[in-house]
file model-v2.cif (mmCIF, C-alpha atoms and all ligand atoms)
data_query
loop_
_atom_site.label_atom_id
_atom_site.label_comp_id
_atom_site.auth_asym_id
_atom_site.auth_seq_id
_atom_site.Cartn_x
_atom_site.Cartn_y
_atom_site.Cartn_z
CA MET R 1 20.20 -1.87 -42.16
CA GLU R 2 16.76 -0.26 -41.97
CA CYS R 3 16.18 2.33 -44.66
CA ASP R 4 12.39 2.66 -44.86
CA PRO R 5 11.88 6.30 -43.71
CA THR R 6 8.48 5.79 -41.99
CA ARG R 7 9.83 2.90 -39.98
CA VAL R 8 12.88 4.88 -38.99
CA CYS R 9 10.63 7.75 -37.87
CA GLU R 10 8.68 5.46 -35.57
CA LEU R 11 11.88 4.40 -33.92
CA LEU R 12 12.72 7.98 -33.09
CA VAL R 13 9.48 9.22 -31.50
CA GLY R 14 10.22 11.12 -28.29
CA LEU R 15 13.97 10.88 -28.49
CA GLY R 16 14.57 14.53 -29.38
CA ASP R 17 16.98 15.58 -32.10
CA VAL R 18 18.86 12.40 -32.93
CA GLU R 19 20.18 10.75 -36.04
CA VAL R 20 19.92 7.07 -36.74
CA LEU R 21 23.29 5.58 -37.46
CA GLY R 22 21.89 2.19 -38.35
CA VAL R 23 19.70 -0.70 -37.30
CA ASP R 24 20.90 -4.22 -36.58
CA ASP R 25 18.08 -6.48 -37.61
CA GLU R 26 19.10 -10.06 -36.83
CA ALA R 27 16.63 -12.84 -36.30
CA GLY R 28 16.28 -14.15 -32.75
CA VAL R 29 17.78 -11.16 -30.96
CA PRO R 30 16.33 -7.75 -30.12
CA LEU R 31 16.32 -5.11 -32.84
CA ARG R 32 19.24 -2.76 -32.17
CA VAL R 33 18.84 0.87 -33.19
CA HIS R 34 22.02 2.96 -33.15
CA ILE R 35 21.56 6.67 -32.55
CA ARG R 36 23.60 9.79 -31.91
CA ARG R 37 22.36 13.14 -30.64
CA ARG R 38 22.50 16.08 -33.00
CA ALA R 39 23.71 18.77 -30.66
CA PRO R 40 26.20 21.58 -31.02
CA ARG R 41 29.57 21.19 -29.39
CA PRO R 42 29.10 22.33 -25.75
CA ALA R 43 31.40 24.67 -23.87
CA CYS R 44 33.36 23.51 -20.85
CA GLU R 45 31.15 23.67 -17.75
CA ARG R 46 34.08 24.64 -15.55
CA CYS R 47 36.03 27.20 -17.54
CA GLY R 48 33.67 28.03 -20.39
CA GLY R 49 36.34 27.31 -22.97
CA PRO R 50 35.92 25.19 -26.11
CA LEU R 51 35.96 21.41 -25.71
CA TRP R 52 37.75 18.86 -27.81
CA SER R 53 36.12 15.72 -29.00
CA ASP R 54 37.27 12.64 -27.13
CA GLY R 55 35.49 10.02 -29.19
CA GLU R 56 32.36 8.10 -28.26
CA ARG R 57 31.17 5.57 -25.74
CA SER R 58 28.10 3.59 -26.65
CA VAL R 59 25.56 2.38 -24.11
CA GLU R 60 22.90 -0.18 -24.87
CA LEU R 61 19.49 0.60 -23.38
CA VAL R 62 16.36 -1.51 -23.18
CA ASP R 63 13.77 0.25 -25.31
CA LEU R 64 10.09 -0.22 -26.09
CA PRO R 65 9.32 -3.11 -28.38
CA ALA R 66 9.33 -2.06 -32.02
CA PHE R 67 7.43 -3.82 -34.80
CA GLY R 68 6.39 -6.50 -32.33
CA ARG R 69 9.93 -7.30 -31.26
CA PRO R 70 12.06 -6.41 -28.24
CA ALA R 71 14.36 -3.52 -29.07
CA ARG R 72 17.56 -1.94 -27.83
CA LEU R 73 18.67 1.60 -28.29
CA VAL R 74 22.40 1.85 -28.74
CA TRP R 75 23.25 5.41 -27.85
CA HIS R 76 26.57 6.57 -29.15
CA LYS R 77 27.35 9.10 -26.46
CA ARG R 78 29.87 11.70 -27.41
CA ARG R 79 32.73 12.43 -25.05
CA TRP R 80 34.39 15.77 -24.61
CA ARG R 81 37.65 16.82 -23.07
CA CYS R 82 38.74 20.26 -21.91
CA PRO R 83 42.13 21.05 -23.44
CA ASP R 84 42.91 23.76 -20.89
CA ARG R 85 45.65 22.41 -18.63
CA GLY R 86 44.61 24.66 -15.77
CA CYS R 87 41.02 23.38 -15.93
CA ARG R 88 40.21 20.15 -14.13
CA ALA R 89 37.03 19.30 -15.99
CA GLY R 90 38.69 16.27 -17.57
CA THR R 91 36.55 14.15 -19.86
CA VAL R 92 32.76 14.42 -19.80
CA THR R 93 30.18 12.17 -21.44
CA GLU R 94 27.01 13.78 -22.78
CA GLN R 95 23.72 13.26 -20.94
CA ASP R 96 20.15 13.60 -22.17
CA ARG R 97 17.19 12.75 -19.94
CA GLU R 98 14.90 12.64 -22.95
CA ILE R 99 16.77 9.53 -24.04
CA ALA R 100 17.55 8.04 -20.63
CA PRO R 101 18.32 9.32 -17.14
CA PRO R 102 21.91 8.76 -15.97
CA ARG R 103 22.67 5.17 -14.89
CA GLU R 104 19.31 3.87 -16.19
CA LYS R 105 19.23 0.58 -18.06
CA LEU R 106 15.93 1.49 -19.74
CA THR R 107 15.27 4.38 -22.08
CA THR R 108 13.06 7.18 -20.77
CA ARG R 109 10.12 6.09 -22.86
CA ALA R 110 10.54 2.46 -21.80
CA GLY R 111 10.90 3.48 -18.14
CA ARG R 112 7.66 5.47 -18.19
CA TRP R 113 5.78 2.70 -19.98
CA THR R 114 7.11 0.07 -17.56
CA THR R 115 6.09 2.15 -14.55
CA ARG R 116 2.56 2.47 -15.95
CA GLN R 117 2.40 -1.30 -16.48
CA GLY R 118 3.47 -1.83 -12.86
CA GLY R 119 0.85 0.71 -11.79
CA ARG R 120 -1.83 -1.38 -13.46
CA GLY R 121 -0.78 -4.33 -11.34
CA ARG R 122 0.87 -6.23 -14.14
CA PRO R 123 3.58 -8.68 -12.99
CA LEU R 124 6.99 -7.17 -13.75
CA GLY R 125 8.30 -10.54 -14.92
CA GLU R 126 5.75 -10.40 -17.70
CA VAL R 127 6.77 -6.85 -18.59
CA ALA R 128 10.42 -7.93 -18.64
CA ASP R 129 9.54 -10.76 -21.04
CA GLU R 130 7.89 -8.31 -23.37
CA LEU R 131 10.95 -6.06 -23.28
CA GLY R 132 13.24 -9.05 -23.71
CA CYS R 133 15.30 -8.34 -20.60
CA SER R 134 15.56 -9.61 -17.02
CA TRP R 135 13.38 -8.60 -14.08
CA HIS R 136 16.01 -6.55 -12.24
CA PRO R 137 16.37 -3.53 -14.56
CA VAL R 138 12.58 -3.42 -14.93
CA ASN R 139 12.07 -3.41 -11.17
CA ALA R 140 14.81 -0.82 -10.67
CA SER R 141 13.17 1.39 -13.26
CA VAL R 142 9.71 1.15 -11.70
CA ARG R 143 11.23 2.00 -8.33
CA ARG R 144 13.07 5.04 -9.66
CA TRP R 145 10.29 6.45 -11.84
CA GLY R 146 7.63 5.52 -9.29
CA GLU R 147 9.43 7.29 -6.46
CA ALA R 148 9.93 10.36 -8.64
CA LEU R 149 6.22 10.37 -9.54
CA LEU R 150 5.03 10.04 -5.93
CA GLU R 151 7.40 12.78 -4.84
CA ALA R 152 6.28 15.13 -7.58
CA ASP R 153 2.60 14.45 -6.92
CA THR R 154 2.21 16.86 -4.01
CA GLU R 155 -1.57 17.02 -4.47
CA ARG R 156 -1.95 13.33 -3.69
CA ILE R 157 -1.64 13.94 0.03
CA ALA R 158 -4.31 16.62 0.08
CA GLN R 159 -5.76 18.13 3.21
CA THR R 160 -7.10 15.22 5.22
CA GLU R 161 -9.93 15.50 7.70
CA ALA R 162 -10.11 11.87 8.82
CA LEU R 163 -6.92 9.85 8.95
CA GLY R 164 -6.87 6.09 9.47
CA LEU R 165 -4.06 3.73 10.43
CA ASP R 166 -4.47 0.04 9.82
CA GLU R 167 -2.11 -2.91 9.85
CA HIS R 168 -1.86 -5.50 7.13
CA LEU R 169 0.32 -8.52 6.46
CA MET R 170 3.01 -7.95 3.82
CA TRP R 171 4.46 -11.41 3.58
CA ARG R 172 5.65 -14.47 5.51
CA ARG R 173 9.28 -15.32 5.24
CA GLY R 174 11.85 -17.87 6.27
CA ARG R 175 11.72 -21.28 7.81
CA PHE R 176 9.18 -20.26 10.44
CA ARG R 177 7.04 -18.24 8.03
CA THR R 178 7.70 -15.14 10.12
CA LYS R 179 5.09 -12.50 9.40
CA ALA R 180 6.13 -9.07 8.23
CA TRP R 181 3.60 -6.31 8.85
CA ALA R 182 3.01 -2.91 7.36
CA THR R 183 0.81 0.01 8.31
CA GLY R 184 -1.42 1.69 5.74
CA ILE R 185 -1.96 5.43 6.19
CA VAL R 186 -5.29 6.33 4.63
CA ASP R 187 -7.39 9.44 4.16
CA VAL R 188 -10.54 7.58 5.13
CA GLY R 189 -12.80 10.47 4.14
CA ARG R 190 -11.59 10.56 0.54
CA GLY R 191 -10.79 6.87 0.45
CA GLN R 192 -7.21 7.65 -0.53
CA LEU R 193 -4.26 5.49 0.42
CA LEU R 194 -1.58 8.05 1.34
CA ASP R 195 1.39 5.89 2.23
CA ILE R 196 2.62 2.61 3.62
CA VAL R 197 5.20 2.36 6.39
CA PRO R 198 6.92 -0.78 7.72
CA GLY R 199 5.81 -2.58 10.87
CA ARG R 200 2.83 -2.07 13.12
CA THR R 201 4.45 -0.23 15.98
CA ALA R 202 4.05 3.46 16.79
CA GLN R 203 7.47 4.41 15.46
CA ALA R 204 7.04 4.51 11.68
CA PRO R 205 3.57 6.14 11.57
CA THR R 206 4.67 8.72 14.15
CA ARG R 207 7.72 9.60 12.08
CA TRP R 208 5.61 9.83 8.91
CA LEU R 209 3.08 12.12 10.59
CA LEU R 210 5.71 14.37 12.14
CA ALA R 211 7.24 14.86 8.69
CA ARG R 212 3.99 16.48 7.42
CA PRO R 213 3.56 20.23 7.40
CA ARG R 214 2.09 21.69 10.59
CA SER R 215 -0.92 23.06 8.72
CA TRP R 216 -1.71 19.62 7.34
CA LEU R 217 -1.56 18.04 10.79
CA ALA R 218 -3.76 20.82 12.18
CA GLY R 219 -6.45 20.02 9.60
CA VAL R 220 -6.85 16.40 10.72
CA ARG R 221 -9.96 16.29 12.93
CA TRP R 222 -10.48 12.56 13.30
CA ALA R 223 -7.87 9.86 13.83
CA VAL R 224 -9.31 6.42 13.14
CA LEU R 225 -7.72 3.26 14.51
CA ASP R 226 -8.37 -0.35 15.40
CA LEU R 227 -8.03 -1.09 19.11
CA SER R 228 -4.25 -0.91 18.89
CA GLY R 229 -2.10 0.68 21.56
CA PRO R 230 0.77 1.61 19.21
CA TYR R 231 -1.48 3.58 16.84
CA ARG R 232 -3.07 5.28 19.81
CA SER R 233 0.32 6.51 20.96
CA ALA R 234 1.25 7.57 17.41
CA PHE R 235 -1.86 9.74 17.33
CA GLU R 236 -1.29 11.04 20.85
CA VAL R 237 2.20 12.21 19.90
CA ALA R 238 1.61 13.52 16.38
CA LEU R 239 -2.08 14.51 16.40
CA PRO R 240 -2.88 15.44 20.00
CA HIS R 241 -5.70 17.76 18.90
CA ALA R 242 -7.48 15.14 16.76
CA LYS R 243 -10.34 13.11 18.22
CA GLN R 244 -9.59 9.39 18.09
CA VAL R 245 -12.26 7.12 16.65
CA ALA R 246 -12.29 3.35 17.13
CA ASP R 247 -13.19 1.61 13.90
CA PRO R 248 -16.63 -0.05 14.38
CA PHE R 249 -15.58 -3.15 12.46
CA HIS R 250 -12.75 -3.82 14.91
CA VAL R 251 -14.91 -3.05 17.94
CA VAL R 252 -17.55 -5.56 16.85
CA ARG R 253 -14.78 -8.04 16.16
CA VAL R 254 -13.49 -7.97 19.75
CA GLY R 255 -17.07 -8.74 20.81
CA ASN R 256 -17.19 -11.70 18.45
CA ASP R 257 -13.76 -12.86 19.59
CA ALA R 258 -14.88 -12.86 23.23
CA LEU R 259 -17.99 -14.83 22.30
CA ASP R 260 -15.85 -17.34 20.42
CA GLU R 261 -13.57 -17.79 23.43
CA VAL R 262 -16.52 -18.46 25.72
CA ARG R 263 -17.99 -20.92 23.25
CA SER R 264 -14.82 -22.99 22.91
CA ARG R 265 -14.17 -22.98 26.67
CA VAL R 266 -17.72 -24.14 27.47
CA GLN R 267 -17.42 -26.72 24.71
CA ASN R 268 -14.23 -28.04 26.28
CA GLN R 269 -15.61 -28.04 29.83
CA THR R 270 -18.85 -29.82 28.96
CA LEU R 271 -17.58 -32.36 26.45
CA GLY R 272 -13.88 -32.56 27.27
CA HIS R 273 -12.65 -31.94 23.77
CA ARG R 274 -12.39 -29.25 21.12
CA GLY R 275 -15.36 -28.73 18.83
CA ARG R 276 -16.29 -31.60 16.50
CA LYS R 277 -18.72 -31.70 13.65
CA HIS R 278 -21.76 -32.92 15.62
CA ASP R 279 -21.20 -30.99 18.85
CA PRO R 280 -24.03 -28.49 19.42
CA LEU R 281 -21.81 -25.51 20.22
CA TYR R 282 -19.58 -26.25 17.28
CA ARG R 283 -22.63 -26.36 15.04
CA ALA R 284 -23.78 -23.04 16.51
CA ARG R 285 -20.49 -21.20 15.94
CA LYS R 286 -21.49 -19.44 12.73
CA LEU R 287 -24.99 -18.51 13.87
CA LEU R 288 -23.54 -17.08 17.07
CA VAL R 289 -21.29 -14.57 15.36
CA SER R 290 -23.85 -13.66 12.69
CA ALA R 291 -25.63 -10.36 13.04
CA SER R 292 -28.88 -11.24 14.84
CA GLU R 293 -31.08 -9.34 12.35
CA ARG R 294 -29.73 -11.51 9.56
CA ILE R 295 -30.67 -14.79 11.22
CA THR R 296 -33.88 -16.31 9.84
CA ASP R 297 -36.65 -17.64 12.09
CA SER R 298 -35.59 -21.22 11.48
CA GLY R 299 -31.99 -20.23 12.22
CA ARG R 300 -33.16 -18.69 15.48
CA THR R 301 -35.00 -21.87 16.47
CA LYS R 302 -31.95 -23.93 15.59
CA LEU R 303 -29.66 -21.66 17.63
CA ARG R 304 -31.97 -21.89 20.65
CA GLY R 305 -31.97 -25.67 20.43
CA LEU R 306 -28.21 -25.90 20.10
CA LEU R 307 -27.67 -23.61 23.08
CA ASP R 308 -30.18 -25.60 25.18
CA ALA R 309 -28.12 -28.69 24.40
CA GLY R 310 -24.62 -27.30 24.73
CA ASP R 311 -24.70 -24.31 27.08
CA PRO R 312 -25.88 -25.65 30.48
CA TYR R 313 -24.99 -22.51 32.50
CA GLY R 314 -26.05 -19.91 29.95
CA GLU R 315 -22.54 -18.53 29.56
CA VAL R 316 -22.60 -18.62 25.76
CA ARG R 317 -25.99 -16.88 25.86
CA ASP R 318 -24.53 -14.15 28.07
CA ALA R 319 -21.63 -13.71 25.66
CA TRP R 320 -24.02 -13.58 22.73
CA HIS R 321 -26.05 -10.84 24.44
CA ALA R 322 -22.87 -8.90 25.20
CA LYS R 323 -21.85 -9.06 21.55
CA GLU R 324 -25.31 -8.01 20.33
CA THR R 325 -25.50 -5.13 22.83
CA LEU R 326 -22.09 -3.95 21.68
CA ARG R 327 -23.31 -4.01 18.09
CA SER R 328 -26.44 -2.06 18.98
CA VAL R 329 -24.24 0.85 20.13
CA TYR R 330 -23.89 1.69 16.43
CA ASP R 331 -27.67 2.05 16.01
CA ILE R 332 -27.73 5.04 18.33
CA ASP R 333 -28.06 8.40 16.59
CA ASP R 334 -27.36 10.79 19.41
CA ALA R 335 -23.69 11.29 20.35
CA LYS R 336 -24.40 11.87 24.06
CA VAL R 337 -26.64 8.84 24.33
CA GLY R 338 -23.98 6.86 22.47
CA ALA R 339 -21.25 7.87 24.94
CA ALA R 340 -23.44 7.08 27.96
CA THR R 341 -24.42 3.71 26.50
CA VAL R 342 -20.80 2.71 25.85
CA ALA R 343 -19.75 3.61 29.40
CA GLN R 344 -22.72 1.75 30.88
CA LEU R 345 -22.06 -1.31 28.74
CA ALA R 346 -18.38 -1.37 29.73
CA ALA R 347 -19.42 -1.34 33.41
CA ASP R 348 -22.15 -3.98 32.96
CA LEU R 349 -19.83 -6.39 31.20
CA GLN R 350 -17.45 -6.29 34.18
CA ASP R 351 -20.12 -7.84 36.44
CA PRO R 352 -18.43 -10.72 38.31
CA GLY R 353 -21.41 -12.96 37.51
CA LEU R 354 -20.47 -12.96 33.84
CA PRO R 355 -17.82 -15.16 32.21
CA THR R 356 -14.25 -13.90 32.65
CA GLU R 357 -13.88 -13.48 28.88
CA ILE R 358 -16.79 -11.03 28.96
CA ASN R 359 -15.30 -9.20 31.95
CA ARG R 360 -12.15 -8.75 29.90
CA LEU R 361 -14.21 -7.45 26.98
CA GLY R 362 -15.76 -4.96 29.41
CA ARG R 363 -12.32 -3.74 30.47
CA THR R 364 -11.28 -3.35 26.82
CA ILE R 365 -14.39 -1.31 26.06
CA TRP R 366 -13.78 0.82 29.12
CA ARG R 367 -10.22 1.52 28.02
CA TRP R 368 -11.44 2.59 24.58
CA ARG R 369 -14.81 4.05 25.58
CA HIS R 370 -14.01 7.57 24.33
CA GLN R 371 -12.73 6.31 20.99
CA ILE R 372 -15.76 4.05 20.60
CA ALA R 373 -18.20 6.83 21.51
CA ASN R 374 -16.45 9.37 19.24
CA TRP R 375 -17.79 7.45 16.27
CA HIS R 376 -21.22 8.94 16.96
CA ALA R 377 -19.90 12.42 16.27
CA ALA R 378 -17.41 11.50 13.54
CA ARG R 379 -19.30 8.82 11.58
CA VAL R 380 -16.05 7.75 9.93
CA THR R 381 -14.70 4.23 9.70
CA ASN R 382 -11.59 2.52 8.47
CA ALA R 383 -13.55 0.86 5.66
CA ALA R 384 -11.39 2.70 3.11
CA THR R 385 -8.29 1.02 4.52
CA GLU R 386 -9.93 -2.34 3.93
CA VAL R 387 -10.54 -1.35 0.32
CA ALA R 388 -6.90 -0.31 -0.03
CA ASN R 389 -5.77 -3.55 1.60
CA ASN R 390 -7.78 -5.59 -0.86
CA LEU R 391 -6.25 -3.72 -3.79
CA ILE R 392 -2.78 -4.25 -2.35
CA LYS R 393 -3.52 -7.96 -2.10
CA ARG R 394 -3.93 -8.05 -5.86
CA VAL R 395 -0.49 -6.51 -6.35
CA LYS R 396 0.92 -9.05 -3.92
CA ARG R 397 -0.60 -11.85 -5.94
CA ALA R 398 0.91 -10.44 -9.12
CA ALA R 399 4.32 -10.18 -7.46
CA PHE R 400 4.63 -13.07 -5.08
CA GLY R 401 8.34 -12.42 -4.73
CA PHE R 402 8.05 -9.35 -2.50
CA THR R 403 10.67 -9.42 0.20
CA ASN R 404 11.81 -5.85 -0.05
CA PHE R 405 9.78 -3.13 1.65
CA ALA R 406 10.71 -0.34 -0.76
CA ASN R 407 9.61 -2.44 -3.78
CA TYR R 408 6.43 -3.36 -1.97
CA ARG R 409 5.61 0.23 -1.04
CA ILE R 410 6.11 1.60 -4.54
CA ARG R 411 4.13 -1.12 -6.25
CA ALA R 412 1.27 -0.83 -3.76
CA LEU R 413 1.13 2.97 -3.97
CA LEU R 414 1.28 3.02 -7.77
CA TYR R 415 -1.56 0.52 -7.92
CA ALA R 416 -3.76 1.52 -4.99
CA GLY R 417 -2.61 5.06 -4.17
CA ARG R 418 -4.07 6.79 -7.23
CA PRO R 419 -1.10 8.93 -8.26
CA ASN R 420 -1.58 11.61 -10.91
CA TRP R 421 -0.20 9.69 -13.88
CA THR R 422 -0.17 12.73 -16.17
CA LEU R 423 2.83 13.99 -14.17
CA LEU R 424 4.91 11.02 -15.26
CA ASP R 425 5.48 12.48 -18.71
CA THR R 426 6.69 15.76 -17.29
CA LEU R 427 9.40 14.45 -14.98
CA THR R 428 12.54 12.38 -15.00
CA PRO R 429 14.13 10.80 -11.93
CA THR R 430 17.24 12.50 -10.56
ZN ZN E 501 37.55 23.57 -19.01
#

call {"tool": "encode", "arguments": {"input": "model-v2.cif", "output": "structure tokens", "more": "lines below"}}
Ligand SMILES: [Zn+2]
result
Amino acid sequence: MECDPTRVCELLVGLGDVEVLGVDDEAGVPLRVHIRRRAPRPACERCGGPLWSDGERSVELVDLPAFGRPARLVWHKRRWRCPDRGCRAGTVTEQDREIAPPREKLTTRAGRWTTRQGGRGRPLGEVADELGCSWHPVNASVRRWGEALLEADTERIAQTEALGLDEHLMWRRGRFRTKAWATGIVDVGRGQLLDIVPGRTAQAPTRWLLARPRSWLAGVRWAVLDLSGPYRSAFEVALPHAKQVADPFHVVRVGNDALDEVRSRVQNQTLGHRGRKHDPLYRARKLLVSASERITDSGRTKLRGLLDAGDPYGEVRDAWHAKETLRSVYDIDDAKVGAATVAQLAADLQDPGLPTEINRLGRTIWRWRHQIANWHAARVTNAATEVANNLIKRVKRAAFGFTNFANYRIRALLYAGRPNWTLLDTLTPT
């Protein structure tokens, strides 16, 4: 039994008006602190009459470590029974959210602490070890407190002027390593991850957007996307007034992809095999997709030599010029000039004298010409979604066992979604 008054006080911080009945202090097992609330006898909630005591029921809760050891709080909950035969209140057990929310396995203070640890990206298995319990109650607690925090934090999804959608890989699962995708919804102006929805189709983002208040939707001026049809239709349905902007990074990437396709086809046609270490086009592959202004003079000479050796019909050169011209669209300052240049480029690339891969690139640019040109007026990109994705990757590394979308979403939003943590101390989950 623990009798030192200062130590007993430390065990009681934040629990409200409780008395310590005793402390089991056995070596090798968590410290067990027995408490009972000091509260007046309540009246019956149904009939208002006096209640009779119906004994106690004790629940054991995982608590914060105390004195460097895992601890349990054994709460001797009082039970009450209404003696009135006409009243159907029956027996009730006392509740107190200051100690623990109903059905929780962790105390309130342990639940809040655990949620903060999860929010810092700490592996929950490690947190569970520190608490001396298994992973499941810890995860359940982070889910419950985390969801309550995100729901209470209404300021987090502030008025958004530029909204971005971007896909990212959640995990691979099963025998065939099937990929599971998610869509990040990001305020790309503020760099704020707003939410994560499952899949990369139009359905989930559309539903998320349509659940926002009308005034919020009306305030979104720019809708940023990669060159993805599903996101385009999500925006067309939910944000018809917003101007769509193609993310420059993705636009340049389709140019690089087309160049890569031409390179490997020409490689195959001229040498009859896929690229090998000493093949000129294979050696040129990195220089080709580099930004031309970053290539040194010697790199330029090397590239010219490799193309002379490996590109007999100049197809790779054509593809390289197409890619560089596409990149140069982003050097244009004037929005009107930008729009005209994009349209002209899309038409030029469809010239039948060019490789078919480049013709296809031209058709893609034509299909997205308005979205590509809108960048000149909007000057927004999806770079913030990349930042969010990189943060999420860290959570994924800390919790390699993600196979459940709801767990994944909460952990990612707590870590990368910048919730207002001060609210956590003011709320309890329902
Ligand atoms: Zn009653």

call {"tool": "residues_around", "arguments": {"input": "model-v2.cif", "residues": "Asp318 (chain R)", "least_positions_apart": "3", "cutoff": "9 Å", "atoms": "all atoms listed in the file", "output": "list of chain:residue names"}}
result
R:Leu259, R:Gly314, R:Glu315, R:His321, R:Ala322, R:Lys323, R:Leu354, R:Pro355, R:Ile358

call {"tool": "residues_around", "arguments": {"input": "model-v2.cif", "residues": "Thr430 (chain R)", "least_positions_apart": "4", "cutoff": "9 Å", "atoms": "all atoms listed in the file", "output": "ChimeraX atom specification"}}
result
/R:101-102,144,148

call {"tool": "closest_atom_pairs", "arguments": {"input": "model-v2.cif", "of": "chain R", "to": "ligand ZN 501 (chain E)", "cutoff": "7 Å", "atoms": "all atoms listed in the file", "output": "CSV"}}
result
residue,atom,partner,partner_atom,distance
R:Cys44,CA,E:ZN501,ZN,4.6
R:Glu45,CA,E:ZN501,ZN,6.5
R:Arg46,CA,E:ZN501,ZN,5.0
R:Cys47,CA,E:ZN501,ZN,4.2
R:Gly48,CA,E:ZN501,ZN,6.1
R:Gly49,CA,E:ZN501,ZN,5.6
R:Cys82,CA,E:ZN501,ZN,4.6
R:Pro83,CA,E:ZN501,ZN,6.9
R:Asp84,CA,E:ZN501,ZN,5.7
R:Cys87,CA,E:ZN501,ZN,4.6
R:Arg88,CA,E:ZN501,ZN,6.5
R:Ala89,CA,E:ZN501,ZN,5.3

call {"tool": "write_last_selection", "arguments": {"input": "model-v2.cif", "atoms": "C-alpha atoms", "output": "CSV table (one decimal), in the frame of the given file"}}
result
chain,number,residue,atom,x,y,z
R,44,CYS,CA,33.4,23.5,-20.8
R,45,GLU,CA,31.2,23.7,-17.8
R,46,ARG,CA,34.1,24.6,-15.6
R,47,CYS,CA,36.0,27.2,-17.5
R,48,GLY,CA,33.7,28.0,-20.4
R,49,GLY,CA,36.3,27.3,-23.0
R,82,CYS,CA,38.7,20.3,-21.9
R,83,PRO,CA,42.1,21.0,-23.4
R,84,ASP,CA,42.9,23.8,-20.9
R,87,CYS,CA,41.0,23.4,-15.9
R,88,ARG,CA,40.2,20.2,-14.1
R,89,ALA,CA,37.0,19.3,-16.0

call {"tool": "residues_around", "arguments": {"input": "model-v2.cif", "residues": "Pro198 (chain R)", "least_positions_apart": "4", "cutoff": "7 Å", "atoms": "all atoms listed in the file", "output": "MDAnalysis selection string"}}
result
chainID R and resid 181:183 204

call {"tool": "closest_residue", "arguments": {"input": "model-v2.cif", "among": "R:Asn256, R:Asn374, R:Thr364, R:Thr114", "to": "Asp129 (chain R)", "atoms": "all atoms listed in the file"}}
result
R:Thr114

call {"tool": "build_atoms", "arguments": {"input": "model-v2.cif", "residues": "region 148-159 of chain R", "atoms": "N, CA and C atoms", "output": "PDB file, in the coordinates of the input"}}
result
ATOM      1  N   ALA R 148       9.931   8.985  -8.119  1.00  0.00           N
ATOM      2  CA  ALA R 148       9.930  10.360  -8.640  1.00  0.00           C
ATOM      3  C   ALA R 148       8.490  10.856  -8.830  1.00  0.00           C
ATOM      4  N   LEU R 149       7.620   9.972  -9.319  1.00  0.00           N
ATOM      5  CA  LEU R 149       6.220  10.370  -9.540  1.00  0.00           C
ATOM      6  C   LEU R 149       5.533  10.700  -8.214  1.00  0.00           C
ATOM      7  N   LEU R 150       5.710   9.812  -7.214  1.00  0.00           N
ATOM      8  CA  LEU R 150       5.030  10.040  -5.930  1.00  0.00           C
ATOM      9  C   LEU R 150       5.546  11.306  -5.261  1.00  0.00           C
ATOM     10  N   GLU R 151       6.835  11.570  -5.445  1.00  0.00           N
ATOM     11  CA  GLU R 151       7.400  12.780  -4.840  1.00  0.00           C
ATOM     12  C   GLU R 151       6.883  14.038  -5.523  1.00  0.00           C
ATOM     13  N   ALA R 152       6.740  13.962  -6.836  1.00  0.00           N
ATOM     14  CA  ALA R 152       6.280  15.130  -7.580  1.00  0.00           C
ATOM     15  C   ALA R 152       4.790  15.389  -7.366  1.00  0.00           C
ATOM     16  N   ASP R 153       4.056  14.336  -7.028  1.00  0.00           N
ATOM     17  CA  ASP R 153       2.600  14.450  -6.920  1.00  0.00           C
ATOM     18  C   ASP R 153       2.217  14.989  -5.543  1.00  0.00           C
ATOM     19  N   THR R 154       2.442  16.271  -5.333  1.00  0.00           N
ATOM     20  CA  THR R 154       2.210  16.860  -4.010  1.00  0.00           C
ATOM     21  C   THR R 154       0.723  16.968  -3.679  1.00  0.00           C
ATOM     22  N   GLU R 155      -0.125  16.924  -4.704  1.00  0.00           N
ATOM     23  CA  GLU R 155      -1.570  17.020  -4.470  1.00  0.00           C
ATOM     24  C   GLU R 155      -2.161  15.726  -3.919  1.00  0.00           C
ATOM     25  N   ARG R 156      -1.410  14.631  -4.074  1.00  0.00           N
ATOM     26  CA  ARG R 156      -1.950  13.330  -3.690  1.00  0.00           C
ATOM     27  C   ARG R 156      -2.265  13.297  -2.193  1.00  0.00           C
ATOM     28  N   ILE R 157      -1.374  13.873  -1.398  1.00  0.00           N
ATOM     29  CA  ILE R 157      -1.640  13.940   0.030  1.00  0.00           C
ATOM     30  C   ILE R 157      -2.301  15.286   0.289  1.00  0.00           C
ATOM     31  N   ALA R 158      -3.578  15.363  -0.076  1.00  0.00           N
ATOM     32  CA  ALA R 158      -4.310  16.620   0.080  1.00  0.00           C
ATOM     33  C   ALA R 158      -4.697  16.782   1.538  1.00  0.00           C
ATOM     34  N   GLN R 159      -5.323  17.908   1.839  1.00  0.00           N
ATOM     35  CA  GLN R 159      -5.760  18.130   3.210  1.00  0.00           C
ATOM     36  C   GLN R 159      -6.702  17.002   3.642  1.00  0.00           C
TER      37      GLN R 159
END
